[in-house]
file entry27.csv (CSV, C-alpha atoms)
chain,number,residue,atom,x,y,z
A,1,MET,CA,-17.4,-66.0,58.2
A,2,SER,CA,-16.4,-66.7,61.7
A,3,THR,CA,-14.0,-69.4,62.9
A,4,SER,CA,-15.1,-72.2,65.2
A,5,SER,CA,-13.0,-73.2,68.2
A,6,SER,CA,-12.9,-76.8,66.8
A,7,SER,CA,-11.3,-75.8,63.5
A,8,SER,CA,-9.1,-73.1,62.0
A,9,VAL,CA,-11.2,-73.1,58.9
A,10,PRO,CA,-13.7,-70.2,58.8
A,11,ILE,CA,-17.3,-71.3,59.3
A,12,HIS,CA,-19.5,-70.6,56.2
A,13,ASP,CA,-22.1,-68.0,57.1
A,14,ALA,CA,-24.8,-70.4,56.1
A,15,VAL,CA,-24.0,-72.8,58.9
A,16,LYS,CA,-23.9,-70.3,61.7
A,17,CYS,CA,-27.4,-71.3,62.6
A,18,ILE,CA,-26.3,-74.9,63.3
A,19,GLU,CA,-22.8,-74.1,64.6
A,20,TRP,CA,-24.1,-75.3,68.0
A,21,LEU,CA,-23.8,-78.9,66.7
A,22,ILE,CA,-20.1,-78.7,65.9
A,23,GLY,CA,-18.0,-81.0,68.2
A,24,HIS,CA,-17.6,-84.5,69.5
A,25,TRP,CA,-20.6,-85.9,71.4
A,26,LYS,CA,-20.8,-89.1,73.5
A,27,SER,CA,-24.0,-90.7,74.5
A,28,GLU,CA,-25.0,-90.5,78.1
A,29,THR,CA,-28.4,-92.3,77.8
A,30,SER,CA,-29.8,-94.1,74.8
A,31,LYS,CA,-32.7,-96.4,73.9
A,32,GLY,CA,-33.8,-98.3,70.8
A,33,GLN,CA,-37.3,-99.6,70.4
A,34,PHE,CA,-39.7,-100.6,67.7
A,35,PRO,CA,-42.9,-102.7,67.7
A,36,THR,CA,-41.1,-105.6,65.9
A,37,ILE,CA,-38.0,-105.8,68.1
A,38,GLU,CA,-37.1,-105.9,71.8
A,39,THR,CA,-36.0,-102.7,73.4
A,40,PHE,CA,-32.2,-102.2,73.6
A,41,THR,CA,-29.6,-99.8,74.7
A,42,TYR,CA,-26.4,-98.7,72.9
A,43,GLN,CA,-23.5,-96.3,73.2
A,44,GLU,CA,-22.9,-93.7,70.4
A,45,GLU,CA,-20.4,-91.1,69.4
A,46,ALA,CA,-21.5,-88.3,67.1
A,47,VAL,CA,-19.1,-85.9,65.5
A,48,PHE,CA,-20.2,-82.8,63.6
A,49,SER,CA,-17.4,-80.9,61.8
A,50,HIS,CA,-17.0,-78.4,59.0
A,51,VAL,CA,-14.6,-77.6,56.2
A,52,GLY,CA,-15.8,-74.1,55.4
A,53,GLN,CA,-18.6,-75.1,53.0
A,54,PRO,CA,-22.4,-74.4,53.6
A,55,MET,CA,-22.8,-77.7,55.4
A,56,LEU,CA,-21.6,-79.8,58.3
A,57,ASN,CA,-20.0,-83.2,58.0
A,58,PHE,CA,-21.2,-85.8,60.5
A,59,SER,CA,-20.7,-89.4,61.6
A,60,PHE,CA,-22.5,-91.5,64.1
A,61,ASN,CA,-20.8,-94.7,65.5
A,62,ALA,CA,-22.9,-96.9,67.8
A,63,THR,CA,-21.5,-99.7,69.9
A,64,HIS,CA,-22.8,-102.4,72.2
A,65,PRO,CA,-22.8,-101.0,75.8
A,66,GLU,CA,-21.2,-104.1,77.3
A,67,THR,CA,-19.0,-105.6,74.6
A,68,SER,CA,-18.1,-102.3,72.6
A,69,LYS,CA,-18.8,-104.4,69.5
A,70,PRO,CA,-19.4,-102.0,66.5
A,71,LEU,CA,-23.1,-101.7,65.6
A,72,HIS,CA,-24.7,-99.0,63.5
A,73,ARG,CA,-22.6,-96.6,61.4
A,74,GLU,CA,-23.9,-93.5,59.6
A,75,THR,CA,-22.0,-90.7,57.8
A,76,GLY,CA,-23.1,-87.8,55.8
A,77,PHE,CA,-23.8,-84.1,55.5
A,78,LEU,CA,-26.1,-81.6,57.0
A,79,ARG,CA,-26.5,-78.9,54.4
A,80,ILE,CA,-28.1,-75.5,54.8
A,81,ASN,CA,-29.9,-73.7,52.0
A,82,PRO,CA,-28.1,-70.3,52.4
A,83,GLY,CA,-30.2,-67.4,53.5
A,84,THR,CA,-33.0,-69.7,54.8
A,85,ASN,CA,-33.7,-72.0,57.8
A,86,GLN,CA,-34.1,-75.0,55.4
A,87,VAL,CA,-31.8,-77.9,56.0
A,88,ALA,CA,-31.1,-81.2,54.3
A,89,TYR,CA,-29.7,-84.3,56.0
A,90,LEU,CA,-27.9,-86.7,53.5
A,91,ALA,CA,-26.7,-90.0,55.0
A,92,ALA,CA,-25.4,-93.4,54.2
A,93,GLN,CA,-25.7,-96.2,56.7
A,94,ASN,CA,-23.7,-99.4,57.0
A,95,PHE,CA,-26.7,-101.7,56.8
A,96,GLY,CA,-27.5,-100.6,53.2
A,97,LEU,CA,-29.7,-97.6,53.6
A,98,VAL,CA,-29.2,-94.1,52.1
A,99,GLU,CA,-31.5,-91.3,52.9
A,100,LEU,CA,-32.3,-87.7,52.2
A,101,GLU,CA,-34.3,-85.8,54.9
A,102,GLU,CA,-35.3,-82.2,54.7
A,103,GLY,CA,-36.7,-79.8,57.3
A,104,THR,CA,-36.0,-76.7,59.2
A,105,VAL,CA,-33.8,-75.2,61.9
A,106,GLU,CA,-35.6,-73.2,64.6
A,107,GLY,CA,-33.1,-71.9,67.2
A,108,THR,CA,-31.4,-74.9,68.7
A,109,GLU,CA,-33.8,-77.5,67.2
A,110,ILE,CA,-33.7,-79.2,63.8
A,111,ASN,CA,-36.7,-81.2,62.6
A,112,LEU,CA,-36.3,-83.4,59.5
A,113,GLU,CA,-38.5,-85.8,57.5
A,114,SER,CA,-37.3,-88.2,54.8
A,115,THR,CA,-38.0,-87.3,51.2
A,116,THR,CA,-36.0,-90.2,49.6
A,117,ILE,CA,-34.9,-93.5,51.0
A,118,GLY,CA,-32.7,-95.9,49.0
A,119,ARG,CA,-31.9,-99.5,49.9
A,120,MET,CA,-29.4,-102.0,48.6
A,121,SER,CA,-31.0,-105.0,46.9
A,122,PHE,CA,-29.9,-107.5,49.6
A,123,ALA,CA,-30.7,-105.5,52.7
A,124,LYS,CA,-32.6,-107.3,55.4
A,125,ASP,CA,-36.4,-106.9,55.5
A,126,PRO,CA,-38.6,-105.1,56.5
A,127,CYS,CA,-37.9,-102.1,54.3
A,128,VAL,CA,-37.7,-98.7,55.9
A,129,THR,CA,-40.3,-96.5,54.3
A,130,LYS,CA,-40.2,-93.2,56.3
A,131,ILE,CA,-37.9,-91.5,58.8
A,132,LYS,CA,-38.5,-88.5,61.0
A,133,ARG,CA,-35.7,-87.0,63.1
A,134,LYS,CA,-35.2,-84.3,65.6
A,135,PHE,CA,-32.0,-82.8,67.1
A,136,LYS,CA,-32.4,-80.5,70.1
A,137,LEU,CA,-29.8,-78.8,72.2
A,138,THR,CA,-31.3,-78.9,75.6
A,139,ALA,CA,-28.3,-77.3,77.4
A,140,PRO,CA,-24.9,-75.9,76.2
A,141,ASP,CA,-23.3,-79.4,76.5
A,142,THR,CA,-26.4,-81.6,76.0
A,143,LEU,CA,-27.8,-82.7,72.7
A,144,GLU,CA,-30.8,-85.0,72.1
A,145,GLN,CA,-31.6,-86.9,69.0
A,146,THR,CA,-35.0,-88.7,68.5
A,147,VAL,CA,-35.6,-90.9,65.4
A,148,TYR,CA,-39.0,-92.1,64.3
A,149,MET,CA,-39.3,-94.8,61.6
A,150,ALA,CA,-42.0,-96.6,59.5
A,151,THR,CA,-41.4,-99.9,57.7
A,152,THR,CA,-43.3,-102.2,55.4
A,153,LYS,CA,-44.3,-104.2,58.5
A,154,THR,CA,-45.1,-101.1,60.7
A,155,PRO,CA,-46.5,-98.4,58.3
A,156,GLU,CA,-47.1,-95.7,60.9
A,157,LEU,CA,-44.2,-93.7,62.3
A,158,LYS,CA,-43.1,-95.0,65.7
A,159,GLU,CA,-40.2,-93.9,67.9
A,160,HIS,CA,-37.2,-96.0,67.2
A,161,LEU,CA,-34.2,-94.3,68.7
A,162,TRP,CA,-33.6,-91.7,71.5
A,163,VAL,CA,-30.2,-90.7,72.6
A,164,GLN,CA,-28.8,-87.9,74.8
A,165,TYR,CA,-25.3,-86.9,74.2
A,166,LYS,CA,-22.8,-84.8,76.2
A,167,ARG,CA,-20.1,-82.7,74.5
call {"tool": "encode", "arguments": {"input": "entry27.csv", "output": "structure tokens"}}
result
Amino acid sequence: MSTSSSSSVPIHDAVKCIEWLIGHWKSETSKGQFPTIETFTYQEEAVFSHVGQPMLNFSFNATHPETSKPLHRETGFLRINPGTNQVAYLAAQNFGLVELEEGTVEGTEINLESTTIGRMSFAKDPCVTKIKRKFKLTAPDTLEQTVYMATTKTPELKEHLWVQYKR
């Protein structure tokens, strides 16, 4: 195990392949869109940390770009299957969605697709039915995340969110 500069806790060998995510990221550019809503922008902070287990902890906190009003919140874990490039993304979101996405790590890119989506009984329609997500480190201090979504109203995956962060 090595030690990350962001923590004195040794990094589990399994997460060395995603160590490049560890840190505090702030959005530089962001865009939200979907066929059933108007295009919007937002600000977001993303934090990836570790506590020595074969996973990273994460949180995403989005705010309105003009008022700083809190918007979307998401927290969870990015877990590696030790000895493989398989990764699982487990998240809970403040609007009543929980999700499990699975995929692979290839260098400085992670591709994920939902396997399970849970929804609280009083969540707003339409229901999210599928999510596809990609994280890509495009430079040592630049991270991009793209999220595709399908719903009961829009059954085909469509780009929903794109954000570029700086560390």
call {"tool": "atom_distance", "arguments": {"input": "entry27.csv", "atom1": "CA of Asn94 in chain A", "atom2": "CA of Ala62 in chain A"}}
result
11.1 Å
call {"tool": "residues_near_point", "arguments": {"input": "entry27.csv", "point": "(-22.5, -73.3, 67.5)", "cutoff": "10 Å", "atoms": "all atoms listed in the file", "output": "PyMOL selection string"}}
result
chain A and resi 4-5+11+15-23+108+140
call {"tool": "closest_residue", "arguments": {"input": "entry27.csv", "among": "A:Asn111, A:Ser8, A:Gln53, A:Thr36", "to": "Thr146 in chain A", "atoms": "all atoms listed in the file"}}
result
A:Asn111
call {"tool": "atom_distance", "arguments": {"input": "entry27.csv", "atom1": "CA of Leu112 in chain A", "atom2": "CA of Lys134 in chain A"}}
result
6.3 Å
call {"tool": "residues_around", "arguments": {"input": "entry27.csv", "residues": "Lys26 in chain A", "least_positions_apart": "3", "cutoff": "10 Å", "atoms": "only C-alpha atoms", "output": "PyMOL selection string"}}
result
chain A and resi 29+43-47+60-62+142-143+163-167
call {"tool": "write_last_selection", "arguments": {"input": "entry27.csv", "atoms": "C-alpha atoms", "output": "short mmCIF file (atom, residue, chain, number, x, y, z; two decimals), in the frame of the given file"}}
result
data_model
loop_
_atom_site.label_atom_id
_atom_site.label_comp_id
_atom_site.auth_asym_id
_atom_site.auth_seq_id
_atom_site.Cartn_x
_atom_site.Cartn_y
_atom_site.Cartn_z
CA THR A 29 -28.40 -92.30 77.80
CA GLN A 43 -23.50 -96.30 73.20
CA GLU A 44 -22.90 -93.70 70.40
CA GLU A 45 -20.40 -91.10 69.40
CA ALA A 46 -21.50 -88.30 67.10
CA VAL A 47 -19.10 -85.90 65.50
CA PHE A 60 -22.50 -91.50 64.10
CA ASN A 61 -20.80 -94.70 65.50
CA ALA A 62 -22.90 -96.90 67.80
CA THR A 142 -26.40 -81.60 76.00
CA LEU A 143 -27.80 -82.70 72.70
CA VAL A 163 -30.20 -90.70 72.60
CA GLN A 164 -28.80 -87.90 74.80
CA TYR A 165 -25.30 -86.90 74.20
CA LYS A 166 -22.80 -84.80 76.20
CA ARG A 167 -20.10 -82.70 74.50
#
call {"tool": "residues_around", "arguments": {"input": "entry27.csv", "residues": "Thr39 in chain A", "least_positions_apart": "2", "cutoff": "12 Å", "atoms": "all atoms listed in the file", "output": "count of residues only"}}
result
14
call {"tool": "atom_distance", "arguments": {"input": "entry27.csv", "atom1": "CA of Glu74 in chain A", "atom2": "CA of Thr104 in chain A"}}
result
20.7 Å
call {"tool": "residues_around", "arguments": {"input": "entry27.csv", "residues": "Val51 in chain A", "least_positions_apart": "2", "cutoff": "9 Å", "atoms": "only C-alpha atoms", "output": "list in words"}}
result
Ser7, Val9, Pro10, Ile11, His12, Ser49, Gln53, Pro54, Met55, Leu56 and Asn57 of chain A
call {"tool": "axis_aligned_box", "arguments": {"input": "entry27.csv", "around": "range 78-87 of chain A", "padding_each_side": "6 Å", "output": "JSON"}}
result
{"center_x": -30.1, "center_y": -74.5, "center_z": 54.9, "size_x": 20.0, "size_y": 26.2, "size_z": 17.8}
call {"tool": "residues_around", "arguments": {"input": "entry27.csv", "residues": "Gly96 in chain A", "least_positions_apart": "2", "cutoff": "7 Å", "atoms": "all atoms listed in the file", "output": "PyMOL selection string"}}
result
chain A and resi 93-94+98+119-120+123
